[in-house]
Amino acid sequence: MDRFYSLSHSSIDFHFKQTPRDFVVEEVPLYEFCGEGEHLVLFVRKKGISTLELVSMIAKYLGIKNKEIGYAGLKDKHAMTKQYISLHRKYEEKMDTFEHEDVKILSKTYHNNKIRIGHLNGNKFYIKLKKVNPTSAQKIDEALKNLSSFGMPNYFGYQRFGTDGNNHIDGELIAKGEKKERNPKVKQLLISAYQSHLFNLWLSRRVEINSLIQNFEVKELEPLLNMPKDELTKMKEQKHPFKLISGDIMEHYPYGRLFEFVGEEHDLERFNAKDITVTGLLCGKKAKLSTGLAREIEKEFDDEINEDGTRRYAWVFPKDIDGRYKNEEAQYELNFYLPKGCYATVFIEEIAKREIREYRV
């Protein structure tokens, strides 16, 4: 089933139907393939097929197990996607005769090791928005400038929560031992959905706090947020739309070590410069927790579960953003890059939201 959006926010209107013609994804690998080794690396274009369906299809064709085929990430079914897969070089000759109407092998090379989950930097996207009038096109232009300058909240997209959007409900029951799931992959998927649900709730709360800080004076915020006046004053003075709170856990961007934010001006400057960013909690064991005022907010969206936790970038910085309006077709074409684990559908939703936000620097 195709995913369809019709978004309208304060006179910014567009339609987006998630189809292979209007939604194109290209994987950006973590490293360059060396051109030699025992693993055959194929750059594959597919449409209307999920990554797992592609893997199963090729495994059946070769007469091997699915696990013998490596891939870096799961690509959306309702799209035209280009991604890398790997398999043993001994299957190269047979793969030369592989054919499928919705799959094309664009190129091949070799490498010393199998591609594994997470072996990617991110993804490049091409997206087409339809039924866009000139006024909305101008607003989209401005929204893209904001996204390029300041970044966006790194919500988990709807895909994370299953067809009905309820995977997190079963995930909570499984994580707390109130329900059994024998399939380990399904179990992990459902528990992860629960962690993601709590993360999204926390991030929504922080975005709400940002909006309040932006729109109210400090004396009005004290009873609203129950925070000390000096902390609110510091947050009010911050230039970035995402307001850091003492005790937040930061991480070097696009990868690096975790550390605690203690209000230093130097760290605020690094955040503005996109050198570091704030993280949110995926609850569970071994996860680093925020402290102080940041923890007071975070703990409302934490849960003790028998699963390893971690932290995730809460704010990310899209790159290579380019937009083109085609007046005759009433279409707006987008190109952009997102780090791994980020959702293009969230980017699209942010375009609509940005029209009603005023970021002051």
# chains A, B, ... in the order shown; residues from 1 in each chain; ligands from 1
call {"tool": "residues_around", "arguments": {"residues": "Lys187 of chain A", "least_positions_apart": "3", "cutoff": "12 Å", "atoms": "only C-alpha atoms", "output": "ChimeraX atom specification"}}
result
/A:167-168,170-175,177,179-184,190-194,307
call {"tool": "write_last_selection", "arguments": {"atoms": "N, CA and C atoms", "output": "mmCIF file, in the first residue's frame"}}
result
data_model
loop_
_atom_site.group_PDB
_atom_site.id
_atom_site.type_symbol
_atom_site.label_atom_id
_atom_site.label_comp_id
_atom_site.auth_asym_id
_atom_site.auth_seq_id
_atom_site.Cartn_x
_atom_site.Cartn_y
_atom_site.Cartn_z
ATOM 1 N N ASN A 167 3.136 -1.158 17.248
ATOM 2 C CA ASN A 167 4.171 -2.113 17.657
ATOM 3 C C ASN A 167 4.714 -1.822 19.054
ATOM 4 N N HIS A 168 4.726 -0.545 19.437
ATOM 5 C CA HIS A 168 5.284 -0.189 20.743
ATOM 6 C C HIS A 168 4.451 -0.738 21.899
ATOM 7 N N ASP A 170 2.852 -3.771 22.045
ATOM 8 C CA ASP A 170 3.353 -5.130 22.282
ATOM 9 C C ASP A 170 4.778 -5.097 22.801
ATOM 10 N N GLY A 171 5.562 -4.158 22.305
ATOM 11 C CA GLY A 171 6.946 -4.050 22.742
ATOM 12 C C GLY A 171 7.076 -3.801 24.228
ATOM 13 N N GLU A 172 6.218 -2.951 24.760
ATOM 14 C CA GLU A 172 6.241 -2.682 26.198
ATOM 15 C C GLU A 172 5.907 -3.937 26.992
ATOM 16 N N LEU A 173 4.876 -4.662 26.564
ATOM 17 C CA LEU A 173 4.476 -5.883 27.267
ATOM 18 C C LEU A 173 5.593 -6.922 27.242
ATOM 19 N N ILE A 174 6.255 -7.057 26.104
ATOM 20 C CA ILE A 174 7.357 -8.025 25.979
ATOM 21 C C ILE A 174 8.537 -7.588 26.837
ATOM 22 N N ALA A 175 8.867 -6.295 26.795
ATOM 23 C CA ALA A 175 10.005 -5.780 27.559
ATOM 24 C C ALA A 175 9.818 -5.958 29.060
ATOM 25 N N GLY A 177 8.062 -8.473 30.387
ATOM 26 C CA GLY A 177 7.800 -9.876 30.672
ATOM 27 C C GLY A 177 6.341 -10.234 30.779
ATOM 28 N N LYS A 179 4.337 -10.470 28.121
ATOM 29 C CA LYS A 179 3.943 -11.145 26.892
ATOM 30 C C LYS A 179 5.166 -11.846 26.312
ATOM 31 N N LYS A 180 4.961 -12.981 25.652
ATOM 32 C CA LYS A 180 6.061 -13.758 25.088
ATOM 33 C C LYS A 180 6.113 -13.579 23.571
ATOM 34 N N GLU A 181 7.315 -13.593 23.047
ATOM 35 C CA GLU A 181 7.528 -13.594 21.599
ATOM 36 C C GLU A 181 8.706 -14.517 21.303
ATOM 37 N N ARG A 182 8.442 -15.604 20.612
ATOM 38 C CA ARG A 182 9.465 -16.625 20.397
ATOM 39 C C ARG A 182 10.497 -16.219 19.345
ATOM 40 N N ASN A 183 10.047 -15.513 18.328
ATOM 41 C CA ASN A 183 10.977 -15.106 17.259
ATOM 42 C C ASN A 183 11.878 -13.986 17.784
ATOM 43 N N PRO A 184 13.190 -14.231 17.899
ATOM 44 C CA PRO A 184 14.076 -13.214 18.495
ATOM 45 C C PRO A 184 14.135 -11.919 17.691
ATOM 46 N N LEU A 190 9.964 -5.280 18.233
ATOM 47 C CA LEU A 190 8.870 -4.729 19.029
ATOM 48 C C LEU A 190 9.386 -3.949 20.232
ATOM 49 N N ILE A 191 10.403 -4.490 20.903
ATOM 50 C CA ILE A 191 10.982 -3.769 22.045
ATOM 51 C C ILE A 191 11.607 -2.451 21.578
ATOM 52 N N SER A 192 12.273 -2.502 20.431
ATOM 53 C CA SER A 192 12.866 -1.290 19.866
ATOM 54 C C SER A 192 11.794 -0.243 19.568
ATOM 55 N N ALA A 193 10.623 -0.699 19.111
ATOM 56 C CA ALA A 193 9.527 0.235 18.843
ATOM 57 C C ALA A 193 9.080 0.920 20.131
ATOM 58 N N TYR A 194 9.077 0.187 21.240
ATOM 59 C CA TYR A 194 8.709 0.789 22.529
ATOM 60 C C TYR A 194 9.742 1.830 22.955
ATOM 61 N N GLU A 307 16.588 -4.841 28.815
ATOM 62 C CA GLU A 307 17.109 -4.703 27.452
ATOM 63 C C GLU A 307 18.169 -3.612 27.485
#
call {"tool": "residues_around", "arguments": {"residues": "Glu217 of chain A", "least_positions_apart": "3", "cutoff": "10 Å", "atoms": "only C-alpha atoms", "output": "PDB file with N, CA and C atoms, in the first residue's frame"}}
result
ATOM      1  N   LEU A 212       7.845  27.246  23.924  1.00  0.00           N
ATOM      2  CA  LEU A 212       7.486  28.112  25.049  1.00  0.00           C
ATOM      3  C   LEU A 212       8.590  29.127  25.331  1.00  0.00           C
ATOM      4  N   ILE A 213       9.832  28.665  25.336  1.00  0.00           N
ATOM      5  CA  ILE A 213      10.978  29.562  25.560  1.00  0.00           C
ATOM      6  C   ILE A 213      10.993  30.658  24.501  1.00  0.00           C
ATOM      7  N   GLN A 214      10.679  30.278  23.278  1.00  0.00           N
ATOM      8  CA  GLN A 214      10.715  31.214  22.153  1.00  0.00           C
ATOM      9  C   GLN A 214       9.633  32.291  22.276  1.00  0.00           C
ATOM     10  N   GLU A 220       7.032  34.718  32.749  1.00  0.00           N
ATOM     11  CA  GLU A 220       5.861  33.918  32.406  1.00  0.00           C
ATOM     12  C   GLU A 220       6.184  32.424  32.367  1.00  0.00           C
ATOM     13  N   LEU A 221       7.454  32.114  32.091  1.00  0.00           N
ATOM     14  CA  LEU A 221       7.871  30.721  31.941  1.00  0.00           C
ATOM     15  C   LEU A 221       8.057  30.008  33.270  1.00  0.00           C
ATOM     16  N   GLU A 222       8.406  30.740  34.310  1.00  0.00           N
ATOM     17  CA  GLU A 222       8.695  30.104  35.611  1.00  0.00           C
ATOM     18  C   GLU A 222       7.550  29.207  36.090  1.00  0.00           C
ATOM     19  N   LEU A 232      16.227  29.404  32.908  1.00  0.00           N
ATOM     20  CA  LEU A 232      15.349  29.900  31.853  1.00  0.00           C
ATOM     21  C   LEU A 232      15.980  31.074  31.109  1.00  0.00           C
ATOM     22  N   THR A 233      16.656  31.927  31.846  1.00  0.00           N
ATOM     23  CA  THR A 233      17.337  33.069  31.225  1.00  0.00           C
ATOM     24  C   THR A 233      18.426  32.593  30.267  1.00  0.00           C
ATOM     25  N   LYS A 236      16.795  31.184  27.190  1.00  0.00           N
ATOM     26  CA  LYS A 236      16.227  32.269  26.384  1.00  0.00           C
ATOM     27  C   LYS A 236      17.307  32.947  25.546  1.00  0.00           C
TER      28      LYS A 236
END
call {"tool": "atom_distance", "arguments": {"atom1": "atom CA of His252 of chain A", "atom2": "atom CA of Cys342 of chain A"}}
result
16.8 Å
call {"tool": "closest_residue", "arguments": {"among": "A:Lys124, A:Met80, A:Tyr31, A:Phe98", "to": "Leu334 of chain A", "atoms": "only C-alpha atoms"}}
result
A:Lys124
call {"tool": "atom_distance", "arguments": {"atom1": "atom CA of Phe23 of chain A", "atom2": "atom CA of Leu106 of chain A"}}
result
18.5 Å
call {"tool": "residues_around", "arguments": {"residues": "Leu225 of chain A", "least_positions_apart": "4", "cutoff": "12 Å", "atoms": "only C-alpha atoms", "output": "mmCIF file with N, CA, C and O atoms, in the first residue's frame"}}
result
data_model
loop_
_atom_site.group_PDB
_atom_site.id
_atom_site.type_symbol
_atom_site.label_atom_id
_atom_site.label_comp_id
_atom_site.auth_asym_id
_atom_site.auth_seq_id
_atom_site.Cartn_x
_atom_site.Cartn_y
_atom_site.Cartn_z
ATOM 1 N N ARG A 205 8.249 16.661 23.890
ATOM 2 C CA ARG A 205 8.214 17.522 25.072
ATOM 3 C C ARG A 205 9.307 18.588 24.995
ATOM 4 O O ARG A 205 9.048 19.764 25.298
ATOM 5 N N ARG A 206 10.491 18.197 24.580
ATOM 6 C CA ARG A 206 11.573 19.168 24.473
ATOM 7 C C ARG A 206 11.293 20.204 23.389
ATOM 8 O O ARG A 206 11.595 21.393 23.551
ATOM 9 N N GLU A 208 8.347 21.180 22.542
ATOM 10 C CA GLU A 208 7.318 22.031 23.141
ATOM 11 C C GLU A 208 7.958 23.071 24.063
ATOM 12 O O GLU A 208 7.566 24.249 24.055
ATOM 13 N N ILE A 209 8.932 22.635 24.843
ATOM 14 C CA ILE A 209 9.645 23.562 25.729
ATOM 15 C C ILE A 209 10.347 24.637 24.902
ATOM 16 O O ILE A 209 10.330 25.829 25.259
ATOM 17 N N ASN A 210 10.960 24.242 23.789
ATOM 18 C CA ASN A 210 11.617 25.207 22.904
ATOM 19 C C ASN A 210 10.628 26.290 22.461
ATOM 20 O O ASN A 210 10.954 27.483 22.447
ATOM 21 N N SER A 211 9.437 25.857 22.089
ATOM 22 C CA SER A 211 8.419 26.794 21.615
ATOM 23 C C SER A 211 8.004 27.763 22.717
ATOM 24 O O SER A 211 7.835 28.970 22.475
ATOM 25 N N LEU A 212 7.845 27.246 23.924
ATOM 26 C CA LEU A 212 7.486 28.112 25.049
ATOM 27 C C LEU A 212 8.590 29.127 25.331
ATOM 28 O O LEU A 212 8.315 30.315 25.557
ATOM 29 N N ILE A 213 9.832 28.665 25.336
ATOM 30 C CA ILE A 213 10.978 29.562 25.560
ATOM 31 C C ILE A 213 10.993 30.658 24.501
ATOM 32 O O ILE A 213 11.282 31.828 24.781
ATOM 33 N N PHE A 216 7.510 33.150 25.129
ATOM 34 C CA PHE A 216 7.121 33.763 26.388
ATOM 35 C C PHE A 216 8.336 34.382 27.079
ATOM 36 O O PHE A 216 9.471 33.975 26.849
ATOM 37 N N GLU A 217 8.063 35.347 27.943
ATOM 38 C CA GLU A 217 9.118 35.965 28.735
ATOM 39 C C GLU A 217 9.449 35.073 29.933
ATOM 40 O O GLU A 217 8.642 34.230 30.338
ATOM 41 N N VAL A 218 10.629 35.299 30.509
ATOM 42 C CA VAL A 218 11.118 34.462 31.600
ATOM 43 C C VAL A 218 10.138 34.436 32.769
ATOM 44 O O VAL A 218 9.849 33.380 33.334
ATOM 45 N N LYS A 219 9.602 35.595 33.146
ATOM 46 C CA LYS A 219 8.681 35.649 34.294
ATOM 47 C C LYS A 219 7.411 34.841 34.027
ATOM 48 O O LYS A 219 6.779 34.340 34.968
ATOM 49 N N GLU A 220 7.032 34.718 32.749
ATOM 50 C CA GLU A 220 5.861 33.918 32.406
ATOM 51 C C GLU A 220 6.184 32.424 32.367
ATOM 52 O O GLU A 220 5.312 31.578 32.577
ATOM 53 N N LEU A 221 7.454 32.114 32.091
ATOM 54 C CA LEU A 221 7.871 30.721 31.941
ATOM 55 C C LEU A 221 8.057 30.008 33.270
ATOM 56 O O LEU A 221 7.904 28.778 33.343
ATOM 57 N N LYS A 229 14.860 30.540 37.508
ATOM 58 C CA LYS A 229 14.912 31.716 36.649
ATOM 59 C C LYS A 229 16.228 31.811 35.887
ATOM 60 O O LYS A 229 16.235 32.157 34.695
ATOM 61 N N GLU A 231 18.210 29.423 34.875
ATOM 62 C CA GLU A 231 18.261 28.437 33.791
ATOM 63 C C GLU A 231 17.409 28.895 32.615
ATOM 64 O O GLU A 231 17.806 28.788 31.460
ATOM 65 N N LEU A 232 16.227 29.404 32.908
ATOM 66 C CA LEU A 232 15.349 29.900 31.853
ATOM 67 C C LEU A 232 15.980 31.074 31.109
ATOM 68 O O LEU A 232 15.864 31.183 29.888
ATOM 69 N N LEU A 293 18.508 19.190 35.679
ATOM 70 C CA LEU A 293 17.211 19.571 35.122
ATOM 71 C C LEU A 293 16.854 18.753 33.885
ATOM 72 O O LEU A 293 15.684 18.425 33.664
ATOM 73 N N GLU A 296 15.346 15.548 34.974
ATOM 74 C CA GLU A 296 13.996 15.689 35.494
ATOM 75 C C GLU A 296 12.962 15.518 34.391
ATOM 76 O O GLU A 296 11.897 14.939 34.599
ATOM 77 N N ILE A 297 13.285 16.024 33.200
ATOM 78 C CA ILE A 297 12.392 15.850 32.051
ATOM 79 C C ILE A 297 12.531 14.446 31.486
ATOM 80 O O ILE A 297 11.537 13.773 31.203
#
call {"tool": "atom_distance", "arguments": {"atom1": "atom CA of Glu260 of chain A", "atom2": "atom CA of Leu338 of chain A"}}
result
25.1 Å
call {"tool": "residues_around", "arguments": {"residues": "Thr109 of chain A", "least_positions_apart": "6", "cutoff": "12 Å", "atoms": "only C-alpha atoms", "output": "PyMOL selection string"}}
result
chain A and resi 32-44+84-89+92
call {"tool": "write_last_selection", "arguments": {"atoms": "N, CA, C and O atoms", "output": "compact mmCIF listing (two decimals), in the first residue's frame"}}
result
# COMPACT_ATOMS: atom_id res chain seq x y z
N GLU A 32 34.89 3.25 1.29
CA GLU A 32 35.08 2.88 -0.11
C GLU A 32 35.41 1.40 -0.19
O GLU A 32 36.16 0.88 0.63
N PHE A 33 34.86 0.74 -1.17
CA PHE A 33 35.17 -0.68 -1.38
C PHE A 33 36.51 -0.77 -2.12
O PHE A 33 36.76 -0.02 -3.06
N CYS A 34 37.34 -1.69 -1.66
CA CYS A 34 38.74 -1.70 -2.11
C CYS A 34 38.93 -2.28 -3.52
O CYS A 34 39.98 -2.11 -4.12
N GLY A 35 37.91 -2.97 -4.05
CA GLY A 35 38.03 -3.50 -5.40
C GLY A 35 38.64 -4.88 -5.49
O GLY A 35 38.83 -5.42 -6.58
N GLU A 36 38.95 -5.47 -4.34
CA GLU A 36 39.48 -6.83 -4.33
C GLU A 36 39.05 -7.52 -3.04
O GLU A 36 38.63 -6.88 -2.08
N GLY A 37 39.10 -8.84 -3.04
CA GLY A 37 38.68 -9.60 -1.87
C GLY A 37 37.67 -10.67 -2.25
O GLY A 37 37.24 -10.77 -3.40
N GLU A 38 37.25 -11.44 -1.26
CA GLU A 38 36.40 -12.60 -1.54
C GLU A 38 34.91 -12.27 -1.57
O GLU A 38 34.09 -13.13 -1.85
N HIS A 39 34.57 -11.01 -1.29
CA HIS A 39 33.15 -10.63 -1.27
C HIS A 39 32.79 -9.80 -2.49
O HIS A 39 33.46 -8.81 -2.82
N LEU A 40 31.74 -10.22 -3.17
CA LEU A 40 31.19 -9.49 -4.30
C LEU A 40 30.22 -8.43 -3.78
O LEU A 40 29.32 -8.74 -3.00
N VAL A 41 30.43 -7.19 -4.17
CA VAL A 41 29.58 -6.08 -3.73
C VAL A 41 28.77 -5.59 -4.93
O VAL A 41 29.34 -5.16 -5.94
N LEU A 42 27.45 -5.65 -4.81
CA LEU A 42 26.57 -5.24 -5.89
C LEU A 42 25.83 -3.96 -5.51
O LEU A 42 25.32 -3.84 -4.39
N PHE A 43 25.80 -3.03 -6.44
CA PHE A 43 25.01 -1.81 -6.26
C PHE A 43 23.70 -2.04 -7.00
O PHE A 43 23.67 -2.15 -8.24
N VAL A 44 22.61 -2.13 -6.24
CA VAL A 44 21.33 -2.61 -6.78
C VAL A 44 20.27 -1.52 -6.72
O VAL A 44 20.12 -0.84 -5.70
N TYR A 84 23.68 -1.10 -1.53
CA TYR A 84 24.73 -2.09 -1.73
C TYR A 84 24.39 -3.37 -0.96
O TYR A 84 23.92 -3.31 0.17
N ILE A 85 24.63 -4.50 -1.61
CA ILE A 85 24.55 -5.79 -0.93
C ILE A 85 25.84 -6.55 -1.23
O ILE A 85 26.54 -6.26 -2.21
N SER A 86 26.15 -7.51 -0.37
CA SER A 86 27.36 -8.30 -0.60
C SER A 86 27.06 -9.78 -0.45
O SER A 86 26.15 -10.18 0.30
N LEU A 87 27.81 -10.59 -1.18
CA LEU A 87 27.73 -12.04 -1.08
C LEU A 87 29.07 -12.62 -1.52
O LEU A 87 29.93 -11.88 -2.01
N HIS A 88 29.26 -13.91 -1.35
CA HIS A 88 30.56 -14.49 -1.67
C HIS A 88 30.82 -14.40 -3.17
O HIS A 88 29.92 -14.54 -4.00
N ARG A 89 32.06 -14.17 -3.48
CA ARG A 89 32.45 -13.94 -4.87
C ARG A 89 32.16 -15.15 -5.77
O ARG A 89 32.01 -14.99 -6.99
N GLU A 92 29.33 -14.88 -8.34
CA GLU A 92 29.35 -13.79 -9.32
C GLU A 92 28.81 -14.23 -10.68
O GLU A 92 27.98 -13.55 -11.29
call {"tool": "residues_around", "arguments": {"residues": "Ile305 of chain A", "least_positions_apart": "4", "cutoff": "8 Å", "atoms": "only C-alpha atoms", "output": "list of chain:residue names"}}
result
A:Ala175, A:Lys176, A:Cys283, A:Gly284, A:Lys285
call {"tool": "select_by_dssp", "arguments": {"residues": "segment 2-199 of chain A", "states": "strand (DSSP E)", "output": "MDAnalysis selection string"}}
result
chainID A and resid 3:9 12:18 23:29 39:47 70:71 80:88 103:111 120:130 152:153
call {"tool": "closest_residue", "arguments": {"among": "A:Glu142, A:Tyr337, A:Leu62, A:His240", "to": "Asp96 of chain A", "atoms": "only C-alpha atoms"}}
result
A:Leu62
call {"tool": "residues_around", "arguments": {"residues": "Met95 of chain A", "least_positions_apart": "4", "cutoff": "9 Å", "atoms": "only C-alpha atoms", "output": "compact mmCIF listing (two decimals) with C-alpha atoms, in the first residue's frame"}}
result
# COMPACT_ATOMS: atom_id res chain seq x y z
CA ILE A 58 18.39 -13.43 -4.41
CA TYR A 61 17.80 -17.73 -6.80
CA LEU A 62 21.25 -18.77 -5.59
CA TYR A 91 28.24 -16.51 -6.89
CA GLU A 99 16.91 -10.88 -13.86
call {"tool": "residues_around", "arguments": {"residues": "Tyr158 of chain A", "least_positions_apart": "2", "cutoff": "12 Å", "atoms": "only C-alpha atoms", "output": "PyMOL selection string"}}
result
chain A and resi 3+76+155-156+160-168+193+196-197+200+342-346+349
call {"tool": "write_last_selection", "arguments": {"atoms": "N, CA, C and O atoms", "output": "JSON list (two decimals), in the first residue's frame"}}
result
[["chain", "number", "residue", "atom", "x", "y", "z"],
["A", 3, "ARG", "N", 2.07, 5.06, 0.67],
["A", 3, "ARG", "CA", 1.91, 6.01, 1.76],
["A", 3, "ARG", "C", 1.56, 7.36, 1.17],
["A", 3, "ARG", "O", 2.21, 7.84, 0.25],
["A", 76, "ASP", "N", 13.14, 1.56, 2.30],
["A", 76, "ASP", "CA", 11.69, 1.57, 2.21],
["A", 76, "ASP", "C", 11.19, 0.82, 0.98],
["A", 76, "ASP", "O", 11.76, 0.91, -0.11],
["A", 155, "TYR", "N", 13.12, 12.64, 15.04],
["A", 155, "TYR", "CA", 12.07, 11.69, 15.41],
["A", 155, "TYR", "C", 12.22, 10.37, 14.66],
["A", 155, "TYR", "O", 12.72, 10.34, 13.53],
["A", 156, "PHE", "N", 11.74, 9.31, 15.27],
["A", 156, "PHE", "CA", 11.54, 8.06, 14.53],
["A", 156, "PHE", "C", 10.30, 8.23, 13.67],
["A", 156, "PHE", "O", 9.27, 8.73, 14.13],
["A", 160, "ARG", "N", 8.73, 2.93, 11.92],
["A", 160, "ARG", "CA", 9.28, 2.26, 13.09],
["A", 160, "ARG", "C", 8.21, 1.51, 13.88],
["A", 160, "ARG", "O", 8.52, 0.59, 14.64],
["A", 161, "PHE", "N", 6.95, 1.88, 13.68],
["A", 161, "PHE", "CA", 5.91, 1.40, 14.57],
["A", 161, "PHE", "C", 4.92, 0.43, 13.92],
["A", 161, "PHE", "O", 3.89, 0.11, 14.50],
["A", 162, "GLY", "N", 5.25, -0.04, 12.72],
["A", 162, "GLY", "CA", 4.44, -1.06, 12.08],
["A", 162, "GLY", "C", 3.28, -0.50, 11.29],
["A", 162, "GLY", "O", 2.97, 0.70, 11.35],
["A", 163, "THR", "N", 2.61, -1.35, 10.55],
["A", 163, "THR", "CA", 1.52, -0.95, 9.67],
["A", 163, "THR", "C", 0.41, -0.22, 10.41],
["A", 163, "THR", "O", -0.13, 0.78, 9.93],
["A", 164, "ASP", "N", 0.05, -0.71, 11.59],
["A", 164, "ASP", "CA", -1.02, -0.10, 12.38],
["A", 164, "ASP", "C", -0.51, 0.95, 13.37],
["A", 164, "ASP", "O", -1.31, 1.58, 14.08],
["A", 165, "GLY", "N", 0.80, 1.11, 13.45],
["A", 165, "GLY", "CA", 1.38, 2.09, 14.37],
["A", 165, "GLY", "C", 1.34, 1.69, 15.83],
["A", 165, "GLY", "O", 1.51, 2.54, 16.71],
["A", 166, "ASN", "N", 1.15, 0.39, 16.10],
["A", 166, "ASN", "CA", 0.97, -0.06, 17.49],
["A", 166, "ASN", "C", 2.05, -1.02, 17.98],
["A", 166, "ASN", "O", 1.88, -1.64, 19.04],
["A", 167, "ASN", "N", 3.14, -1.16, 17.25],
["A", 167, "ASN", "CA", 4.17, -2.11, 17.66],
["A", 167, "ASN", "C", 4.71, -1.82, 19.05],
["A", 167, "ASN", "O", 5.12, -2.74, 19.78],
["A", 168, "HIS", "N", 4.73, -0.55, 19.44],
["A", 168, "HIS", "CA", 5.28, -0.19, 20.74],
["A", 168, "HIS", "C", 4.45, -0.74, 21.90],
["A", 168, "HIS", "O", 4.98, -0.96, 23.00],
["A", 193, "ALA", "N", 10.62, -0.70, 19.11],
["A", 193, "ALA", "CA", 9.53, 0.24, 18.84],
["A", 193, "ALA", "C", 9.08, 0.92, 20.13],
["A", 193, "ALA", "O", 8.73, 2.12, 20.13],
["A", 196, "SER", "N", 11.64, 3.51, 20.99],
["A", 196, "SER", "CA", 11.50, 4.61, 20.05],
["A", 196, "SER", "C", 10.29, 5.48, 20.39],
["A", 196, "SER", "O", 10.33, 6.72, 20.25],
["A", 197, "HIS", "N", 9.21, 4.85, 20.84],
["A", 197, "HIS", "CA", 8.00, 5.58, 21.22],
["A", 197, "HIS", "C", 8.29, 6.53, 22.38],
["A", 197, "HIS", "O", 7.90, 7.72, 22.34],
["A", 200, "ASN", "N", 10.38, 9.46, 21.14],
["A", 200, "ASN", "CA", 9.59, 10.46, 20.42],
["A", 200, "ASN", "C", 8.76, 11.32, 21.37],
["A", 200, "ASN", "O", 8.61, 12.53, 21.17],
["A", 342, "CYS", "N", 17.99, 8.34, 10.14],
["A", 342, "CYS", "CA", 17.05, 9.45, 10.06],
["A", 342, "CYS", "C", 16.01, 9.17, 8.98],
["A", 342, "CYS", "O", 16.26, 8.43, 8.04],
["A", 343, "TYR", "N", 14.85, 9.79, 9.11],
["A", 343, "TYR", "CA", 13.71, 9.49, 8.26],
["A", 343, "TYR", "C", 13.38, 10.65, 7.34],
["A", 343, "TYR", "O", 13.14, 11.78, 7.81],
["A", 344, "ALA", "N", 13.31, 10.38, 6.04],
["A", 344, "ALA", "CA", 12.95, 11.41, 5.07],
["A", 344, "ALA", "C", 11.53, 11.90, 5.29],
["A", 344, "ALA", "O", 11.22, 13.07, 5.05],
["A", 345, "THR", "N", 10.64, 11.02, 5.75],
["A", 345, "THR", "CA", 9.26, 11.43, 6.00],
["A", 345, "THR", "C", 9.19, 12.47, 7.13],
["A", 345, "THR", "O", 8.33, 13.35, 7.12],
["A", 346, "VAL", "N", 10.11, 12.37, 8.09],
["A", 346, "VAL", "CA", 10.17, 13.38, 9.16],
["A", 346, "VAL", "C", 10.62, 14.71, 8.57],
["A", 346, "VAL", "O", 10.11, 15.78, 8.92],
["A", 349, "GLU", "N", 7.67, 16.30, 6.91],
["A", 349, "GLU", "CA", 6.75, 16.86, 7.90],
["A", 349, "GLU", "C", 7.29, 18.14, 8.51],
["A", 349, "GLU", "O", 6.54, 19.08, 8.81]]
call {"tool": "closest_residue", "arguments": {"among": "A:Gly122, A:Val103, A:Val132, A:Leu244", "to": "Lys326 of chain A", "atoms": "only C-alpha atoms"}}
result
A:Val132
call {"tool": "select_by_dssp", "arguments": {"residues": "segment 135-334 of chain A", "states": "alpha helix (DSSP H)", "output": "ChimeraX atom specification"}}
result
/A:135-150,167-175,184-215,218-225,229-237,265-272,292-298
call {"tool": "decode", "arguments": {"residues": "segment 245-263 of chain A", "atoms": "C-alpha atoms", "output": "tab-separated table (two decimals), in the first residue's frame"}}
result
chain	number	residue	atom	x	y	z
A	245	ILE	CA	19.41	22.32	29.37
A	246	SER	CA	22.03	21.76	32.06
A	247	GLY	CA	22.71	18.03	32.30
A	248	ASP	CA	21.92	17.23	28.66
A	249	ILE	CA	24.10	14.51	27.15
A	250	MET	CA	25.86	15.76	24.05
A	251	GLU	CA	27.75	13.86	21.37
A	252	HIS	CA	30.29	14.90	18.78
A	253	TYR	CA	28.68	15.09	15.33
A	254	PRO	CA	28.35	13.14	13.10
A	255	TYR	CA	29.92	10.62	15.48
A	256	GLY	CA	32.04	10.66	18.60
A	257	ARG	CA	32.05	10.45	22.38
A	258	LEU	CA	29.29	11.40	24.82
A	259	PHE	CA	29.73	14.17	27.37
A	260	GLU	CA	27.60	16.25	29.71
A	261	PHE	CA	26.51	19.80	28.92
A	262	VAL	CA	27.24	22.12	31.84
A	263	GLY	CA	26.30	25.40	30.21
